[in-house]
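Single-structure report; data block below.
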Amino acid sequence: MNYRKLGKTDYQVAEISFGAWAIGGSWGEVKDQVSKQALEEAINQGINFFDTADVYGDGRSERLIGELKKKTSERIYIATKAGRRLDPHYAEGYNRKNLTAFVERSRRNLKVDKIDLLQLHCPPTEVFYNEEVFNVLEDFVAKGVIEHYGVSVETIEEAKKSLDYDNLASVMIIYNIFRPKPAEEFFQLAKEKNVGIIVRVPLASGLLTGKFSEDSVFPEDDHRNFNREGEAFDKGETFSGVDYKKGLQAVRELQQIKPEGITMAQFALKWILMNEAVSCVVPGAKNPQQVRENAATTHLDDLSPEVMKKVDRIYEQNIKEDVHHLW
């Protein structure tokens, strides 16, 4: 496994890390025993960074990772998120009282005294302009309940605004073949501020794996069924906001230029890792085989400039008009 430094932290994290949304819920049925096997396989593959949130399965994902940390002798880093337990999810809810309660709950779920990285969980845009919220995070660091803090964002505007806070360690953002805009407008700014970039939704909710078709059916409790138009949360979280049928057509074109001997998922992950500003990417995995396939990307040869240009063209022709201006 190759490792990269995560922003202002001293963490050297696996460039292919582990996203734990899927083992919590909202991605169809998952069984804890299989999820535990996936987490253990991640350790076997050299993965040392695990991204979760307090709302993934109402703490289920955090508890599974807490068990893993207790069992393993390896040094692992855990990032969790706070804020989405608010109902309704509103800016005023990001206050000292609520954030303290969220952090305490996550510490219990993870069975840790100190959280390695706490991220605000895609809060309303107004929160990024409220210095008091970030003062609360500073106090958490001073008290020793978290070591570092970062943000998970929906938009480029939010990502840029977060850089105003000097001690911000990282920004988690959607970046993939169907969402290249962050590299154009944000990555260099983050690099100049020594802010780590954690890439989420790298496979566009599985669309970029090439495993879906027009006939694919998603379970009722899978966000790829119930959130395509943003009914539950931001539309951009599901298939990166791309129209499903247009996405399938673009994937068919990507398959024509994919290097031989690698999967579509590995192609999509390698495309992300070609950008040196990226600290790590956190694809989800529900079983050990998916973990192994994701992790193997670290050993692949770089994509050629010709292939990278072809990817750009496919985005320009199929996807850009619909999504580029939205996030």
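Ligands are numbered from 1 in the order shown, residues from 1 within each chain, and chains are lettered A, B, ... in the order they appear in the structure tokens.
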Quick one: contact table of stretch 262-320 of chain A to stretch 174-196 of chain A, 9 Å max, nearest atom pair and distance in Å to one decimal per residue, counting only C-alpha atoms, chain and number order, as CSV?
```
residue,atom,partner,partner_atom,distance
A:Ala268,CA,A:Ile177,CA,6.6
A:Leu269,CA,A:Asn176,CA,7.9
A:Trp271,CA,A:Ile177,CA,7.3
A:Ile272,CA,A:Asn176,CA,6.2
A:Asn275,CA,A:Ala183,CA,8.0
A:Ala277,CA,A:Phe187,CA,6.1
A:Val278,CA,A:Gly196,CA,7.2
A:Ser279,CA,A:Gly196,CA,5.7
A:Cys280,CA,A:Gly196,CA,8.5
A:Val311,CA,A:Ile177,CA,7.3
A:Asp312,CA,A:Ile177,CA,8.1
A:Tyr315,CA,A:Phe178,CA,6.4
A:Ile319,CA,A:Phe178,CA,6.7
A:Lys320,CA,A:Phe178,CA,7.9
```
Nearest residue to A:Tyr77 out of A:Ile115, A:Ala42, A:Ile173, A:Leu64, using only C-alpha atoms? A:Ile115
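The closest residue to A:Lys71, picked from A:Glu306, A:Asp58, A:Asp32, A:Glu40 and counting only C-alpha atoms, is A:Glu40.
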Give me the residues within 12 Å of A:Ala38 as a ChimeraX atom specification, counting only C-alpha atoms and dropping any in the same chain fewer than 5 places off. /A:18-20,22-23,30-33,43-45,47,50,64-65,68,284-295
Could you write those residues out with C-alpha atoms, as a tab-separated table (two decimals), in the first residue's frame?
```tsv
chain	number	residue	atom	x	y	z
A	18	PHE	CA	-12.00	2.55	3.76
A	19	GLY	CA	-15.35	4.32	3.52
A	20	ALA	CA	-17.80	2.88	6.05
A	22	ALA	CA	-22.11	1.02	3.21
A	23	ILE	CA	-21.53	-1.16	6.28
A	30	VAL	CA	-25.47	-5.73	5.08
A	31	LYS	CA	-24.56	-8.36	7.65
A	32	ASP	CA	-22.28	-7.39	10.51
A	33	GLN	CA	-20.27	-10.62	10.28
A	43	ILE	CA	-6.05	-4.18	7.83
A	44	ASN	CA	-4.50	-7.10	5.91
A	45	GLN	CA	-4.23	-4.87	2.84
A	47	ILE	CA	-5.37	0.19	5.05
A	50	PHE	CA	-11.35	4.49	8.20
A	64	LEU	CA	-18.01	-1.93	14.08
A	65	ILE	CA	-14.90	0.19	13.61
A	68	LEU	CA	-11.84	-3.37	14.99
A	284	GLY	CA	-17.00	1.81	0.33
A	285	ALA	CA	-16.69	-1.94	0.67
A	286	LYS	CA	-19.29	-4.41	1.95
A	287	ASN	CA	-17.17	-7.58	1.73
A	288	PRO	CA	-13.52	-8.70	1.68
A	289	GLN	CA	-13.41	-9.12	-2.09
A	290	GLN	CA	-14.36	-5.50	-2.68
A	291	VAL	CA	-11.67	-4.43	-0.20
A	292	ARG	CA	-9.02	-6.45	-2.05
A	293	GLU	CA	-10.07	-5.09	-5.43
A	294	ASN	CA	-10.02	-1.50	-4.20
A	295	ALA	CA	-6.68	-1.89	-2.42
```
DSSP-assigned alpha helix (DSSP H) members of stretch 70-311 of chain A, reported as a count of residues only: 91
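In terms of minimum interatomic distance to A:Tyr129, A:Ser162 ranks closest within A:Ser216, A:Ser162, A:Gln249, A:Gln12, counting only C-alpha atoms.
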